[in-house]
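Let me begin by presenting the structure, written as structure tokens, before commenting on it.
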Amino acid sequence: MHQTEQTTLLIIGGGPGGYVAAIRAGQLGIPTILVEGQALGGTCLNIGCIPSKALIHVAEQFQQTLHHSQGSALGIEVAPPRLNIEQSIAWKDGIVDCLTSGVATLLKKHKVKVIHGWASIVDGKTVDIASAGLRIQCEHLLLATGSKSVELPMLPLGGPIISSTEALSPKSLPKRLVVVGGGYIGLELGSAYRKLGVEVSVVEARDRVLPAYDQELTQPVADALKKLGVHLYLQHSVEGFDAQRQCLQVRTPSGEILALETDQVLVAVGRRPHTQGWNLEALALDRQGAAIKVDRHCQTSMRNVWAIGDLTGEPMLAHRAMAQGELVAEVIAGQHREFNPSAIAAVCFTDPELVVVGQSPQEAEAAGIDCLVAQFPFAANGRAMTLESKAGFVRVVARRDNHLILGWQAVGVGVSELSTAFAQSLEMGARLEDVAGTIHAHPTLGEAVLETALRALGHALHL
């Protein structure tokens with residue numbers, strides 16, 4: 001027998017989209033219940049963005065120490081380091097725990113009721129949580145169930161075949177790892193494992209790594225992988241795994257079968273909306289492929305049923321989900337809001353890092369826009385030199401007629417932090433003259449942004 005509760009807003013999913021929507025709804029005085037079957041924070045905080053960046057930091061620190069032990073140009077001399085991976089993972093878990101408990105505290109502060117359990121939809125206003133013996137009736141239903149790793153039928157997960165979840169919490173490091181997928185998840189984790197001393201190979205079906213980005217932008221990443229000693233098998237497709245021989249079988253571009261001996265295989269071929277297992281079918285919502293189709297207010301085809309984040313398809317980014325969650329709460333509260341960002345930054349935390357905001361030169365050209373395109377190399381940036389990181393560049397795309405900025409791209413050390421300036425300039429409708437006329441602090445990597453705008457205008461100072 002179900003106990004029944006009433007609420008104005010019911011949110012299914014406590015990831016970045018769901019918990020931000022709940023906090024904002026609480027701030028606006030909307031009675032809210034949040035249902036989450038696993039840990040608050042979702043994929044991002046628990047098994048995605050945050051723990052992967054922590055592991056990347058461990059790997060970078062270990063590699064730097066190793067570099068100094070072999071004789072550094074900086075004059076730093078240290079003994080060869082040893083890695084205690086258990087302690088590294090405990091440190092990473094500590095960060096995750098701190099952030100997830102912080103989310104719980106914020107929800108409590110804003111009077112959001114959190115129910116731990118798996119939701120099952122009855123209809124657009126009714127949800128059952130069997131484990132809690134509870135039925136919840138609501139005026140507004142917000143779906144924020146996120147996404148799941150895509151699995152390959154010829155590589156079922158288990159044993160030596162792992163997903164990013166297992167790769168982020170290793171009990172011990174394998175001697176050899178093959179990564180299937182040359183996108184950002186595969187390369188971020190593959191690079192980290194390589195820096196920690198693992199022999200790493202990457203198998204990618206396309207002809208280059210990070211195929212979603214243009215080649216000029218990704219070339220410094222490909223060069224760095226080569227320098228790290230990561231073996232790239234491009235235009236190779238996976239056939240299966242031979243458990244007895246401990247090898248991954250891949251088909252070469254010429255059609256031969258190659259056996260790659262390995263201890264583990266990390267499957268990182270992308271993510272898909274999490275639509276199964278919670279009776280979403282009961283709502284018969286309009287879809288766009290596997291994703292739920294939403295309008296500019298994040299409303300689905302059913303009145304007062306909303307969807308945000310990865311469930312609504314690309315771009316599958318935590319910061320997009322957060323912005324959508326905030327918006328839905330405000331729309332429910334009666335505010336006029338539309339989800340219509342000028343651009344959403346996408347960041348790859350590879351080495352070097354990569355940022356894309358707005359239109360690329362190729363996209364602008366395909367749209368028939370006459371553009372100015374200019375770039376400035378970090379090799380001419382003083383701060384990059386002091387960080388021993390001269391690879392990469394900043395690139396701008398702007399209209400030729402009025403100099404309105406349409407896009408930014410960057411590859412280099414620490415460029416993830418430039419994404420804020422890039423997105424802000426697009427959101428505020430900046431022109432090249434606006435950026436060129438803003439005094440940028442010296443010495444910073446951000447000066448490359450200034451110089452790129454100046455170069456587009458024909459008068460870069462330091463080139």
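Every chain in the structure tokens takes a letter, A first, then B, and so on in the order presented; its residues are numbered from 1, and the ligands are numbered from 1 following the presented order.
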
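By only C-alpha atoms, and with residues fewer than 5 positions from Gly240 (chain A) along its chain excluded, the set lying at most 7 Å from it is A:Met154, A:Leu155, A:Leu248, A:Gln249.
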
Serialized selection, N, CA and C atoms, as an mmCIF file, in the first residue's frame:
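Contents of the output file selection.cif:
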data_model
loop_
_atom_site.group_PDB
_atom_site.id
_atom_site.type_symbol
_atom_site.label_atom_id
_atom_site.label_comp_id
_atom_site.auth_asym_id
_atom_site.auth_seq_id
_atom_site.Cartn_x
_atom_site.Cartn_y
_atom_site.Cartn_z
ATOM 1 N N MET A 154 29.826 -6.243 -28.744
ATOM 2 C CA MET A 154 30.942 -7.204 -28.838
ATOM 3 C C MET A 154 31.920 -7.086 -27.676
ATOM 4 N N LEU A 155 31.679 -6.085 -26.785
ATOM 5 C CA LEU A 155 32.537 -5.899 -25.603
ATOM 6 C C LEU A 155 31.677 -5.706 -24.355
ATOM 7 N N LEU A 248 42.600 -7.797 -27.375
ATOM 8 C CA LEU A 248 41.493 -7.165 -28.090
ATOM 9 C C LEU A 248 41.735 -7.353 -29.581
ATOM 10 N N GLN A 249 40.719 -7.838 -30.271
ATOM 11 C CA GLN A 249 40.854 -8.057 -31.710
ATOM 12 C C GLN A 249 40.267 -6.863 -32.454
#

- Query: Looking only at the backbone, which of the residues in region 212-333 of chain A does DSSP tag as strand (DSSP E or B), as a PyMOL selection string?
  - Reply: chain A and resi 231-234+237-242+247-251+257-261+264-267+271-273+287-288+291-292+299+305-307

- Message: Can you pull out the residues contacting Val373 (chain A)? Cut-off 9 Å, using only C-alpha atoms, and skip same-chain residues under 2 positions away; I want them as number ranges by chain.
- Response: A: 361, 371, 375, 395-399, 456

- Message: Need the shell around Ile161 (chain A): protein/DNA/RNA residues with any atom at most 9 Å away, counting only C-alpha atoms. Skip same-chain ones fewer than 5 positions apart. Format as a list in words?
- Response: Leu155, Pro156, Phe241, Gln264, Val265, Leu266 and Val267 of chain A

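Distances to Cys247 (chain A) were evaluated for A:Gly183, A:Gly277, A:Pro160, A:Gly229 using only C-alpha atoms, and the minimum falls at A:Pro160.
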
- Task: Write down as a ChimeraX atom specification the residues belonging to region 344-381 of chain A that are assigned alpha helix (DSSP H) by DSSP computed on the backbone.
- Result: /A:361-366

- Query: What does the distance between CA of Val96 (chain A) and CA of Val35 (chain A) come to in Å, to one decimal place?
  - Reply: 19.7 Å

- Do a neighbour search on region 142-149 of chain A at 6 Å with only C-alpha atoms, toss out local chain neighbours closer than 2 positions, and write the hits as a PyMOL selection string. chain A and resi 11-13+18+271-274+305-308+310-311

- Residues within 7 Å of Ser416 (chain A), only C-alpha atoms, excluding chain neighbours under 5 positions, as a VMD selection string: chain A and resid 347 353 to 355

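Across the structure, CA of Val150 (chain A) and CA of Asn340 (chain A) are spaced 28.4 Å apart.
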
Closest pair table for region 21-99 of chain A residues within 10 Å of region 110-117 of chain A, only C-alpha atoms, as CSV:
residue,atom,partner,partner_atom,distance
A:Ala22,CA,A:Val112,CA,6.6
A:Ile23,CA,A:His110,CA,6.1
A:Arg24,CA,A:His110,CA,8.3
A:Ala25,CA,A:His110,CA,8.3
A:Gly26,CA,A:His110,CA,4.8
A:Gln27,CA,A:His110,CA,6.1
A:Leu28,CA,A:His110,CA,9.2
A:Gly29,CA,A:His110,CA,8.5
A:Ile30,CA,A:Val112,CA,9.0
A:Pro31,CA,A:Val112,CA,7.2
A:Thr32,CA,A:Val112,CA,5.3
A:Ile33,CA,A:Lys113,CA,4.7
A:Leu34,CA,A:Val114,CA,4.8
A:Val35,CA,A:Ile115,CA,4.8
A:Glu36,CA,A:His116,CA,5.1
A:Gly37,CA,A:Gly117,CA,4.3
A:Gln38,CA,A:His116,CA,7.2
A:Ala39,CA,A:His116,CA,8.4
A:Leu40,CA,A:His116,CA,9.1

The selected residues should be written to file as a tab-separated table (two decimals), in the first residue's frame (atoms: all heavy atoms).
chain	number	residue	atom	x	y	z
A	22	ALA	N	16.27	22.08	-8.17
A	22	ALA	CA	15.67	21.97	-6.84
A	22	ALA	C	16.08	23.14	-5.94
A	22	ALA	O	15.23	23.73	-5.25
A	22	ALA	CB	16.08	20.65	-6.20
A	23	ILE	N	17.37	23.49	-5.98
A	23	ILE	CA	17.85	24.61	-5.16
A	23	ILE	C	17.16	25.92	-5.58
A	23	ILE	O	16.66	26.67	-4.75
A	23	ILE	CB	19.39	24.76	-5.27
A	23	ILE	CG1	20.09	23.60	-4.54
A	23	ILE	CG2	19.86	26.10	-4.70
A	23	ILE	CD1	21.58	23.53	-4.80
A	24	ARG	N	17.09	26.14	-6.90
A	24	ARG	CA	16.46	27.38	-7.39
A	24	ARG	C	14.97	27.40	-7.06
A	24	ARG	O	14.42	28.45	-6.67
A	24	ARG	CB	16.69	27.52	-8.90
A	24	ARG	CG	16.21	28.85	-9.46
A	24	ARG	CD	17.07	30.02	-8.98
A	24	ARG	NE	16.55	31.32	-9.39
A	24	ARG	CZ	16.10	32.25	-8.55
A	24	ARG	NH1	16.10	32.02	-7.24
A	24	ARG	NH2	15.67	33.41	-9.00
A	25	ALA	N	14.32	26.24	-7.20
A	25	ALA	CA	12.89	26.16	-6.86
A	25	ALA	C	12.68	26.47	-5.38
A	25	ALA	O	11.75	27.19	-5.01
A	25	ALA	CB	12.35	24.78	-7.21
A	26	GLY	N	13.58	25.94	-4.54
A	26	GLY	CA	13.51	26.21	-3.10
A	26	GLY	C	13.67	27.69	-2.80
A	26	GLY	O	12.94	28.25	-1.99
A	27	GLN	N	14.61	28.33	-3.50
A	27	GLN	CA	14.82	29.77	-3.32
A	27	GLN	C	13.57	30.56	-3.68
A	27	GLN	O	13.28	31.59	-3.09
A	27	GLN	CB	15.99	30.24	-4.20
A	27	GLN	CG	17.36	29.78	-3.73
A	27	GLN	CD	18.46	30.15	-4.71
A	27	GLN	OE1	18.19	30.50	-5.86
A	27	GLN	NE2	19.71	30.05	-4.27
A	28	LEU	N	12.82	30.05	-4.67
A	28	LEU	CA	11.62	30.73	-5.16
A	28	LEU	C	10.36	30.34	-4.40
A	28	LEU	O	9.25	30.74	-4.76
A	28	LEU	CB	11.44	30.44	-6.66
A	28	LEU	CG	12.52	31.05	-7.58
A	28	LEU	CD1	12.50	30.39	-8.95
A	28	LEU	CD2	12.34	32.56	-7.70
A	29	GLY	N	10.54	29.51	-3.35
A	29	GLY	CA	9.40	29.14	-2.52
A	29	GLY	C	8.48	28.08	-3.12
A	29	GLY	O	7.33	27.95	-2.70
A	30	ILE	N	8.97	27.32	-4.08
A	30	ILE	CA	8.17	26.26	-4.71
A	30	ILE	C	8.36	24.97	-3.91
A	30	ILE	O	9.49	24.49	-3.78
A	30	ILE	CB	8.61	26.03	-6.17
A	30	ILE	CG1	8.46	27.30	-7.01
A	30	ILE	CG2	7.83	24.87	-6.81
A	30	ILE	CD1	9.16	27.26	-8.36
A	31	PRO	N	7.29	24.38	-3.35
A	31	PRO	CA	7.42	23.10	-2.64
A	31	PRO	C	7.98	22.04	-3.60
A	31	PRO	O	7.41	21.80	-4.67
A	31	PRO	CB	5.99	22.77	-2.22
A	31	PRO	CG	5.28	24.09	-2.20
A	31	PRO	CD	5.90	24.88	-3.31
A	32	THR	N	9.12	21.45	-3.23
A	32	THR	CA	9.86	20.59	-4.16
A	32	THR	C	10.30	19.28	-3.50
A	32	THR	O	10.79	19.28	-2.37
A	32	THR	CB	11.11	21.33	-4.70
A	32	THR	OG1	10.68	22.54	-5.34
A	32	THR	CG2	11.90	20.49	-5.69
A	33	ILE	N	10.15	18.18	-4.26
A	33	ILE	CA	10.70	16.88	-3.85
A	33	ILE	C	11.66	16.43	-4.95
A	33	ILE	O	11.35	16.52	-6.13
A	33	ILE	CB	9.58	15.83	-3.66
A	33	ILE	CG1	8.70	16.20	-2.46
A	33	ILE	CG2	10.17	14.43	-3.46
A	33	ILE	CD1	7.51	15.25	-2.25
A	34	LEU	N	12.82	15.96	-4.52
A	34	LEU	CA	13.83	15.44	-5.44
A	34	LEU	C	14.03	13.95	-5.17
A	34	LEU	O	14.26	13.55	-4.03
A	34	LEU	CB	15.16	16.19	-5.25
A	34	LEU	CG	16.37	15.70	-6.02
A	34	LEU	CD1	16.22	16.02	-7.50
A	34	LEU	CD2	17.65	16.32	-5.49
A	35	VAL	N	13.94	13.13	-6.23
A	35	VAL	CA	14.13	11.69	-6.09
A	35	VAL	C	15.42	11.29	-6.79
A	35	VAL	O	15.63	11.63	-7.96
A	35	VAL	CB	12.95	10.90	-6.71
A	35	VAL	CG1	13.15	9.40	-6.51
A	35	VAL	CG2	11.63	11.34	-6.11
A	36	GLU	N	16.28	10.58	-6.07
A	36	GLU	CA	17.56	10.12	-6.64
A	36	GLU	C	17.85	8.71	-6.16
A	36	GLU	O	17.82	8.45	-4.96
A	36	GLU	CB	18.70	11.08	-6.25
A	36	GLU	CG	20.10	10.61	-6.60
A	36	GLU	CD	20.30	10.27	-8.07
A	36	GLU	OE1	20.17	11.16	-8.92
A	36	GLU	OE2	20.58	9.08	-8.36
A	37	GLY	N	18.13	7.81	-7.10
A	37	GLY	CA	18.38	6.40	-6.76
A	37	GLY	C	19.80	6.13	-6.30
A	37	GLY	O	20.05	5.15	-5.60
A	38	GLN	N	20.73	6.98	-6.70
A	38	GLN	CA	22.13	6.79	-6.30
A	38	GLN	C	22.59	7.99	-5.51
A	38	GLN	O	21.82	8.55	-4.74
A	38	GLN	CB	22.99	6.52	-7.55
A	38	GLN	CG	22.69	5.15	-8.17
A	38	GLN	CD	23.44	4.91	-9.46
A	38	GLN	OE1	23.34	5.67	-10.41
A	38	GLN	NE2	24.20	3.82	-9.50
A	39	ALA	N	23.85	8.41	-5.68
A	39	ALA	CA	24.37	9.53	-4.90
A	39	ALA	C	23.96	10.86	-5.52
A	39	ALA	O	23.89	10.99	-6.74
A	39	ALA	CB	25.88	9.43	-4.80
A	40	LEU	N	23.68	11.86	-4.68
A	40	LEU	CA	23.43	13.21	-5.17
A	40	LEU	C	24.64	13.69	-5.96
A	40	LEU	O	25.78	13.35	-5.64
A	40	LEU	CB	23.15	14.15	-4.00
A	40	LEU	CG	21.79	13.98	-3.30
A	40	LEU	CD1	21.76	14.80	-2.02
A	40	LEU	CD2	20.65	14.39	-4.22

- Query: Using only C-alpha atoms, which residue out of A:Arg245, A:Ile129, A:Val179, A:Ala282 lies closest to His231 (chain A)?
  - Reply: A:Val179

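Between CA of Leu258 (chain A) and CA of Ala167 (chain A) lies a distance of 24.3 Å.
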
- Note on the structure: Shortest contact to Thr43 (chain A), candidates A:Leu189, A:Leu406, A:Leu168, A:Val294, atoms counted only C-alpha atoms, goes to A:Leu168
